[in-house]
There are 2 protein chains.
Amino acid sequence: MSGCSQGRLTVVGLGPGNVDQMTPEAVAAVEAAQDFFGYGHYLDRLSLRADQRRHVSDNREEMSRAEAALQIAANGGTVCVVSGGDPGVFAMAAAVCEAIEAGPDEWRKIDLSVVPGVTAMLAVAAKAGAPLGHDFCAISLSDNLKPWSLIERRLVAAAQAGFVMAFYNPVSKARPHQLATAFDVLRAHLPASVPVIFGRAAGRPDERIRVVPLSEASSDMADMATCIIVGSTETRLIDRQDRQPLVYSPRSSKRES
Amino acid sequence: MSGCSQGRLTVVGLGPGNVDQMTPEAVAAVEAAQDFFGYGHYLDRLSLRADQRRHVSDNREEMSRAEAALQIAANGGTVCVVSGGDPGVFAMAAAVCEAIEAGPDEWRKIDLSVVPGVTAMLAVAAKAGAPLGHDFCAISLSDNLKPWSLIERRLVAAAQAGFVMAFYNPVSKARPHQLATAFDVLRAHLPASVPVIFGRAAGRPDERIRVVPLSEASSDMADMATCIIVGSTETRLIDRQDRQPLVYSPRSSKRES
């Protein structure tokens with residue numbers, strides 16, 4: 001791609017982890033690119049050719065990764081920035097946009113595209129039944145990037161308005177206590193029986209899906225790779241013999257405002 | 001599959017419409033099934049073999065479609081219920097769960113699985129930049145299944161708490177006025193400059209993505225196949241020469257609760 005003055009940057013969603021859940025569009029974007037930026041764990045999922053270059057960076061270095069990728073694209077490269085799941089949901093697409101806005105004018109001329117993917121909450125919901133079958137929200141519990149007071153306010157607003165909630169980034173070594181606090185906040189606003197789904201590695205061999213009532217939900221049931229779905233007052237559990245229960249949120253609501 | 005006492009039902013998400021956005025897992029589920037239930041528009045996307053049976057039904061007949069599909073599976077059939085996008089987001093997975101809960105005990109023994117897909121808001125967001133890069137919610141604007149007062153309450157709660165919003169089912173012939181009312185409600189709670197994205201047929205040849213400020217958002221910019229994303233007060237627009245602007249929601253928030 002050298003010699004080409006305007007490069008190309010594609011932000012690609014690899015899906016939840018199982019290669020069968022990665023779209024052909026994402027596969028084609030990976031085949032077409034020369035330079036790959038991402039967290040090592042995601043780059044390891046790809047079978048790159050000898051002529052394709054890996055630029056591994058840590059999960060916390062999103063801005064510097066975006067800048068380095070944009071610089072190569074600005075020099076005429078064909079660059080792929082990879083995210084697990086969907087790149088637009090708490091992932092690299094926003095970091096790339098932030099870097100473009102703050103960066104040199106020439107970065108706005110780069111041919112940028114975003115390739116969507118199956119985001120974690122959809123994969124976890126599919127394994128549990130249909131917990132996202134009605135109005136829902138997605139909240140990152142990381143307070144690295146926003147004040148915890150804002151997260152608490154959103155939890156209360158979502159519970160009171162009857163949204164099912166999906167939590168991304170529920171815990172990390174640097175933030176061991178937030179998830180326990182989040183459950184305590186929700187227990188003050190939702191019935192004890194509301195189902196909580198802990199989903200990890202959905203669709204992969206080490207998949208783990210666990211459903212507990214909110215009263216029993218505990219932060220030690222999750223790690224940083226877990227996506228958590230908290231039902232609303234209308235979310236239901238269907239018991240099944242010899243199978244895990246189905247969790248679903250009915251399409252209709254009788255609830256008055 | 002006759003002679004087998006326990007059938008199989010798979011609820012499959014076909015993705016937003018472009019075949020390149022349908023996962024290999026969904027393709028395999030379609031190849032393995034014998035009986036297909038769905039809205040004709042979605043079944044038309046599949047290249048079925050001569051031995052595969054189509055059971056077309058209208059978009060408003062979700063419960064009777066789910067029941068008919070479950071009955072064939074209960075008789076030992078291998079059945080596929082198809083949805084556009086992701087089947088767990090305002091689509092057939094919840095209808096199938098509802099039918100199982102209300103139906104005969106034997107339906108709980110059916111081998112049920114849900115195959116996730118790229119849901120419309122992710123495809124539209126990808127075309128616009130990264131508008132769902134921070135906390136967001138998804139709301140169906142159809143008041144066929146819930147009171148309009150509840151929808152309004154959720155719009156206000158989401159605006160006040162700073163969620164970006166994605167609207168599904170924004171209008172229909174039977175409901176021409178709800179979307180205009182929704183924009184009026186939001187204009188009372190959000191700045192006039194907040195970007196609103198109207199996305200239709202994202203990733204398909206007839207794709208149309210339009211971005212306007214909330215002050216100019218109008219219900220005639222949407223039809224029933226449009227997915228609408230309304231930014232938060234933190235959503236930003238990046239102007240680019242000769243390209244459509246990028247819309248994104250920064251990963252961080254300075255907002256206090």
# chains A, B, ... in the order shown; residues from 1 in each chain; ligands from 1

call {"tool": "select_by_dssp", "arguments": {"residues": "segment 84-131 of chain A", "states": "helix (DSSP H, G or I)", "output": "ChimeraX atom specification"}}
result
/A:92-102,105-109,120-128

call {"tool": "residues_around", "arguments": {"residues": "Leu179 of chain B", "least_positions_apart": "4", "cutoff": "12 Å", "atoms": "only C-alpha atoms", "output": "PyMOL selection string"}}
result
chain B and resi 139-143+148+151-152+155+167-173+175+183-186+217-224+226-228

call {"tool": "closest_residue", "arguments": {"among": "B:Val81, B:Val211, B:Leu150, B:Ala32", "to": "chain A", "atoms": "only C-alpha atoms"}}
result
B:Leu150

call {"tool": "residues_around", "arguments": {"residues": "segment 47-63 of chain B", "least_positions_apart": "2", "cutoff": "7 Å", "atoms": "only C-alpha atoms", "output": "ChimeraX atom specification"}}
result
/B:34-40,45,65-67,92,95,99

call {"tool": "residues_around", "arguments": {"residues": "Gln21 of chain B", "least_positions_apart": "4", "cutoff": "9 Å", "atoms": "only C-alpha atoms", "output": "ChimeraX atom specification"}}
result
/A:22-26,115-117 /B:14-17,117-118,203

call {"tool": "write_last_selection", "arguments": {"atoms": "N, CA, C and O atoms", "output": "mmCIF file, in the first residue's frame"}}
result
data_model
loop_
_atom_site.group_PDB
_atom_site.id
_atom_site.type_symbol
_atom_site.label_atom_id
_atom_site.label_comp_id
_atom_site.auth_asym_id
_atom_site.auth_seq_id
_atom_site.Cartn_x
_atom_site.Cartn_y
_atom_site.Cartn_z
ATOM 1 N N MET A 22 -18.158 -14.707 13.757
ATOM 2 C CA MET A 22 -17.488 -13.579 13.097
ATOM 3 C C MET A 22 -18.066 -13.465 11.686
ATOM 4 O O MET A 22 -18.173 -14.460 10.971
ATOM 5 N N THR A 23 -18.450 -12.285 11.276
ATOM 6 C CA THR A 23 -19.130 -12.147 9.985
ATOM 7 C C THR A 23 -18.152 -12.251 8.814
ATOM 8 O O THR A 23 -16.963 -11.932 8.948
ATOM 9 N N PRO A 24 -18.626 -12.665 7.641
ATOM 10 C CA PRO A 24 -17.769 -12.673 6.440
ATOM 11 C C PRO A 24 -17.198 -11.286 6.137
ATOM 12 O O PRO A 24 -16.068 -11.167 5.655
ATOM 13 N N GLU A 25 -17.962 -10.231 6.443
ATOM 14 C CA GLU A 25 -17.464 -8.870 6.232
ATOM 15 C C GLU A 25 -16.212 -8.606 7.072
ATOM 16 O O GLU A 25 -15.236 -7.997 6.601
ATOM 17 N N ALA A 26 -16.223 -9.094 8.321
ATOM 18 C CA ALA A 26 -15.058 -8.922 9.194
ATOM 19 C C ALA A 26 -13.878 -9.747 8.678
ATOM 20 O O ALA A 26 -12.736 -9.274 8.667
ATOM 21 N N VAL A 115 -16.697 -2.058 10.930
ATOM 22 C CA VAL A 115 -17.378 -3.318 10.605
ATOM 23 C C VAL A 115 -18.017 -3.862 11.886
ATOM 24 O O VAL A 115 -17.312 -4.226 12.825
ATOM 25 N N PRO A 116 -19.361 -3.883 11.933
ATOM 26 C CA PRO A 116 -20.019 -4.281 13.180
ATOM 27 C C PRO A 116 -19.865 -5.771 13.464
ATOM 28 O O PRO A 116 -19.511 -6.562 12.576
ATOM 29 N N GLY A 117 -20.144 -6.147 14.691
ATOM 30 C CA GLY A 117 -20.057 -7.546 15.083
ATOM 31 C C GLY A 117 -21.113 -7.873 16.132
ATOM 32 O O GLY A 117 -21.824 -6.983 16.605
ATOM 33 N N LEU B 14 -30.591 -13.113 11.152
ATOM 34 C CA LEU B 14 -29.980 -13.039 9.820
ATOM 35 C C LEU B 14 -29.074 -11.818 9.658
ATOM 36 O O LEU B 14 -28.469 -11.637 8.611
ATOM 37 N N GLY B 15 -28.996 -10.982 10.682
ATOM 38 C CA GLY B 15 -28.212 -9.760 10.544
ATOM 39 C C GLY B 15 -29.005 -8.692 9.824
ATOM 40 O O GLY B 15 -30.165 -8.893 9.437
ATOM 41 N N PRO B 16 -28.391 -7.526 9.602
ATOM 42 C CA PRO B 16 -29.133 -6.371 9.089
ATOM 43 C C PRO B 16 -29.584 -6.483 7.629
ATOM 44 O O PRO B 16 -30.399 -5.672 7.196
ATOM 45 N N GLY B 17 -29.070 -7.414 6.874
ATOM 46 C CA GLY B 17 -29.599 -7.539 5.510
ATOM 47 C C GLY B 17 -28.565 -7.939 4.491
ATOM 48 O O GLY B 17 -28.821 -8.763 3.630
ATOM 49 N N GLY B 117 -27.263 -12.338 16.126
ATOM 50 C CA GLY B 117 -26.881 -11.664 14.885
ATOM 51 C C GLY B 117 -26.543 -10.208 15.147
ATOM 52 O O GLY B 117 -26.706 -9.709 16.265
ATOM 53 N N VAL B 118 -26.075 -9.537 14.126
ATOM 54 C CA VAL B 118 -25.779 -8.101 14.224
ATOM 55 C C VAL B 118 -27.113 -7.361 14.174
ATOM 56 O O VAL B 118 -27.814 -7.402 13.166
ATOM 57 N N GLY B 203 -25.607 -1.177 5.158
ATOM 58 C CA GLY B 203 -24.818 -2.259 4.573
ATOM 59 C C GLY B 203 -25.417 -2.851 3.306
ATOM 60 O O GLY B 203 -24.831 -3.735 2.699
#

call {"tool": "residues_around", "arguments": {"residues": "Gly133 of chain B", "least_positions_apart": "3", "cutoff": "12 Å", "atoms": "only C-alpha atoms", "output": "JSON, numbers by chain"}}
result
{"A": [86, 87, 88, 89, 90, 91, 92, 93, 94, 95, 96, 97, 98, 138, 139, 140, 168], "B": [121, 122, 125, 126, 128, 129, 130, 136, 137, 163, 164, 165, 229, 231, 232, 234, 235, 236, 247, 248, 249, 250, 251, 252, 253]}

call {"tool": "residues_around", "arguments": {"residues": "Ile110 of chain A", "least_positions_apart": "3", "cutoff": "8 Å", "atoms": "only C-alpha atoms", "output": "number ranges by chain"}}
result
A: 6-9, 70, 73-74, 106-107

call {"tool": "write_last_selection", "arguments": {"atoms": "N, CA and C atoms", "output": "compact mmCIF listing (two decimals), in the first residue's frame"}}
result
# COMPACT_ATOMS: atom_id res chain seq x y z
N GLN A 6 -3.48 8.35 0.45
CA GLN A 6 -4.54 8.28 1.45
C GLN A 6 -4.82 6.84 1.83
N GLY A 7 -4.53 6.53 3.06
CA GLY A 7 -4.70 5.15 3.50
C GLY A 7 -6.11 4.86 3.95
N ARG A 8 -6.22 3.71 4.54
CA ARG A 8 -7.51 3.18 4.90
C ARG A 8 -7.42 2.59 6.30
N LEU A 9 -8.43 2.89 7.13
CA LEU A 9 -8.46 2.31 8.47
C LEU A 9 -9.82 1.67 8.69
N LEU A 70 -3.86 5.38 13.20
CA LEU A 70 -4.21 6.48 12.29
C LEU A 70 -2.96 7.02 11.59
N ALA A 73 -2.19 4.77 8.71
CA ALA A 73 -3.18 4.97 7.64
C ALA A 73 -2.94 6.30 6.93
N ALA A 74 -2.58 7.33 7.68
CA ALA A 74 -2.33 8.64 7.07
C ALA A 74 -1.13 8.59 6.13
N GLU A 106 -5.21 15.98 8.54
CA GLU A 106 -5.08 14.92 7.53
C GLU A 106 -5.74 13.61 7.97
N TRP A 107 -5.90 13.42 9.29
CA TRP A 107 -6.54 12.19 9.76
C TRP A 107 -8.03 12.15 9.35

call {"tool": "closest_residue", "arguments": {"among": "A:Ala174, A:Ile209, A:Ala182, A:Ala166", "to": "chain B", "atoms": "only C-alpha atoms"}}
result
A:Ala166

call {"tool": "residues_around", "arguments": {"residues": "Arg240 of chain B", "least_positions_apart": "2", "cutoff": "9 Å", "atoms": "only C-alpha atoms", "output": "PyMOL selection string"}}
result
(chain A and resi 105+108-109) or (chain B and resi 238+242-246)

call {"tool": "decode", "arguments": {"residues": "segment 189-219 of chain A", "atoms": "N, CA and C atoms", "output": "PDB file, in the first residue's frame"}}
result
ATOM      1  N   HIS A 189     -33.904  -0.980  44.589  1.00  0.00           N
ATOM      2  CA  HIS A 189     -34.887  -0.500  43.617  1.00  0.00           C
ATOM      3  C   HIS A 189     -35.611  -1.604  42.853  1.00  0.00           C
ATOM      4  N   LEU A 190     -35.157  -2.836  42.990  1.00  0.00           N
ATOM      5  CA  LEU A 190     -35.767  -3.939  42.238  1.00  0.00           C
ATOM      6  C   LEU A 190     -36.087  -5.093  43.191  1.00  0.00           C
ATOM      7  N   PRO A 191     -37.088  -5.916  42.879  1.00  0.00           N
ATOM      8  CA  PRO A 191     -37.411  -7.056  43.727  1.00  0.00           C
ATOM      9  C   PRO A 191     -36.245  -8.049  43.801  1.00  0.00           C
ATOM     10  N   ALA A 192     -36.175  -8.773  44.907  1.00  0.00           N
ATOM     11  CA  ALA A 192     -35.090  -9.739  45.135  1.00  0.00           C
ATOM     12  C   ALA A 192     -35.092 -10.858  44.099  1.00  0.00           C
ATOM     13  N   SER A 193     -36.241 -11.103  43.490  1.00  0.00           N
ATOM     14  CA  SER A 193     -36.376 -12.252  42.573  1.00  0.00           C
ATOM     15  C   SER A 193     -35.938 -11.958  41.138  1.00  0.00           C
ATOM     16  N   VAL A 194     -35.632 -10.716  40.832  1.00  0.00           N
ATOM     17  CA  VAL A 194     -35.251 -10.374  39.452  1.00  0.00           C
ATOM     18  C   VAL A 194     -34.061 -11.235  39.012  1.00  0.00           C
ATOM     19  N   PRO A 195     -34.137 -11.901  37.845  1.00  0.00           N
ATOM     20  CA  PRO A 195     -33.028 -12.759  37.430  1.00  0.00           C
ATOM     21  C   PRO A 195     -31.804 -11.960  36.978  1.00  0.00           C
ATOM     22  N   VAL A 196     -30.646 -12.454  37.379  1.00  0.00           N
ATOM     23  CA  VAL A 196     -29.367 -11.871  36.958  1.00  0.00           C
ATOM     24  C   VAL A 196     -28.580 -12.969  36.243  1.00  0.00           C
ATOM     25  N   ILE A 197     -28.119 -12.662  35.031  1.00  0.00           N
ATOM     26  CA  ILE A 197     -27.374 -13.630  34.223  1.00  0.00           C
ATOM     27  C   ILE A 197     -25.909 -13.218  34.190  1.00  0.00           C
ATOM     28  N   PHE A 198     -25.038 -14.139  34.545  1.00  0.00           N
ATOM     29  CA  PHE A 198     -23.598 -13.939  34.394  1.00  0.00           C
ATOM     30  C   PHE A 198     -23.159 -14.778  33.199  1.00  0.00           C
ATOM     31  N   GLY A 199     -22.679 -14.127  32.148  1.00  0.00           N
ATOM     32  CA  GLY A 199     -22.299 -14.863  30.943  1.00  0.00           C
ATOM     33  C   GLY A 199     -20.830 -14.657  30.627  1.00  0.00           C
ATOM     34  N   ARG A 200     -20.134 -15.745  30.435  1.00  0.00           N
ATOM     35  CA  ARG A 200     -18.697 -15.659  30.151  1.00  0.00           C
ATOM     36  C   ARG A 200     -18.382 -16.572  28.993  1.00  0.00           C
ATOM     37  N   ALA A 201     -17.647 -16.075  28.005  1.00  0.00           N
ATOM     38  CA  ALA A 201     -17.183 -16.904  26.889  1.00  0.00           C
ATOM     39  C   ALA A 201     -18.351 -17.563  26.166  1.00  0.00           C
ATOM     40  N   ALA A 202     -19.454 -16.827  25.993  1.00  0.00           N
ATOM     41  CA  ALA A 202     -20.639 -17.386  25.325  1.00  0.00           C
ATOM     42  C   ALA A 202     -20.271 -17.882  23.938  1.00  0.00           C
ATOM     43  N   GLY A 203     -20.628 -19.124  23.650  1.00  0.00           N
ATOM     44  CA  GLY A 203     -20.350 -19.692  22.336  1.00  0.00           C
ATOM     45  C   GLY A 203     -18.983 -20.318  22.200  1.00  0.00           C
ATOM     46  N   ARG A 204     -18.160 -20.218  23.254  1.00  0.00           N
ATOM     47  CA  ARG A 204     -16.816 -20.816  23.203  1.00  0.00           C
ATOM     48  C   ARG A 204     -16.808 -22.096  24.047  1.00  0.00           C
ATOM     49  N   PRO A 205     -15.776 -22.923  23.896  1.00  0.00           N
ATOM     50  CA  PRO A 205     -15.766 -24.203  24.637  1.00  0.00           C
ATOM     51  C   PRO A 205     -15.846 -24.009  26.154  1.00  0.00           C
ATOM     52  N   ASP A 206     -15.268 -22.923  26.656  1.00  0.00           N
ATOM     53  CA  ASP A 206     -15.274 -22.694  28.104  1.00  0.00           C
ATOM     54  C   ASP A 206     -16.447 -21.818  28.548  1.00  0.00           C
ATOM     55  N   GLU A 207     -17.504 -21.801  27.740  1.00  0.00           N
ATOM     56  CA  GLU A 207     -18.695 -20.996  28.052  1.00  0.00           C
ATOM     57  C   GLU A 207     -19.228 -21.275  29.459  1.00  0.00           C
ATOM     58  N   ARG A 208     -19.654 -20.227  30.120  1.00  0.00           N
ATOM     59  CA  ARG A 208     -20.285 -20.392  31.427  1.00  0.00           C
ATOM     60  C   ARG A 208     -21.430 -19.389  31.543  1.00  0.00           C
ATOM     61  N   ILE A 209     -22.650 -19.912  31.707  1.00  0.00           N
ATOM     62  CA  ILE A 209     -23.831 -19.064  31.866  1.00  0.00           C
ATOM     63  C   ILE A 209     -24.467 -19.432  33.206  1.00  0.00           C
ATOM     64  N   ARG A 210     -24.648 -18.470  34.060  1.00  0.00           N
ATOM     65  CA  ARG A 210     -25.208 -18.741  35.385  1.00  0.00           C
ATOM     66  C   ARG A 210     -26.333 -17.756  35.644  1.00  0.00           C
ATOM     67  N   VAL A 211     -27.454 -18.249  36.153  1.00  0.00           N
ATOM     68  CA  VAL A 211     -28.605 -17.389  36.448  1.00  0.00           C
ATOM     69  C   VAL A 211     -28.900 -17.467  37.943  1.00  0.00           C
ATOM     70  N   VAL A 212     -28.945 -16.312  38.599  1.00  0.00           N
ATOM     71  CA  VAL A 212     -29.285 -16.280  40.033  1.00  0.00           C
ATOM     72  C   VAL A 212     -30.269 -15.134  40.271  1.00  0.00           C
ATOM     73  N   PRO A 213     -31.061 -15.207  41.335  1.00  0.00           N
ATOM     74  CA  PRO A 213     -31.895 -14.047  41.669  1.00  0.00           C
ATOM     75  C   PRO A 213     -31.022 -12.888  42.161  1.00  0.00           C
ATOM     76  N   LEU A 214     -31.511 -11.671  41.971  1.00  0.00           N
ATOM     77  CA  LEU A 214     -30.743 -10.481  42.370  1.00  0.00           C
ATOM     78  C   LEU A 214     -30.298 -10.570  43.835  1.00  0.00           C
ATOM     79  N   SER A 215     -31.131 -11.162  44.679  1.00  0.00           N
ATOM     80  CA  SER A 215     -30.785 -11.269  46.104  1.00  0.00           C
ATOM     81  C   SER A 215     -29.480 -12.046  46.308  1.00  0.00           C
ATOM     82  N   GLU A 216     -29.155 -12.944  45.395  1.00  0.00           N
ATOM     83  CA  GLU A 216     -27.943 -13.769  45.547  1.00  0.00           C
ATOM     84  C   GLU A 216     -26.791 -13.326  44.660  1.00  0.00           C
ATOM     85  N   ALA A 217     -27.019 -12.321  43.817  1.00  0.00           N
ATOM     86  CA  ALA A 217     -25.971 -11.904  42.873  1.00  0.00           C
ATOM     87  C   ALA A 217     -24.780 -11.342  43.642  1.00  0.00           C
ATOM     88  N   SER A 218     -23.598 -11.795  43.268  1.00  0.00           N
ATOM     89  CA  SER A 218     -22.403 -11.413  44.017  1.00  0.00           C
ATOM     90  C   SER A 218     -21.276 -11.098  43.039  1.00  0.00           C
ATOM     91  N   SER A 219     -20.428 -10.152  43.435  1.00  0.00           N
ATOM     92  CA  SER A 219     -19.374  -9.711  42.516  1.00  0.00           C
ATOM     93  C   SER A 219     -18.370 -10.822  42.229  1.00  0.00           C
TER      94      SER A 219
END
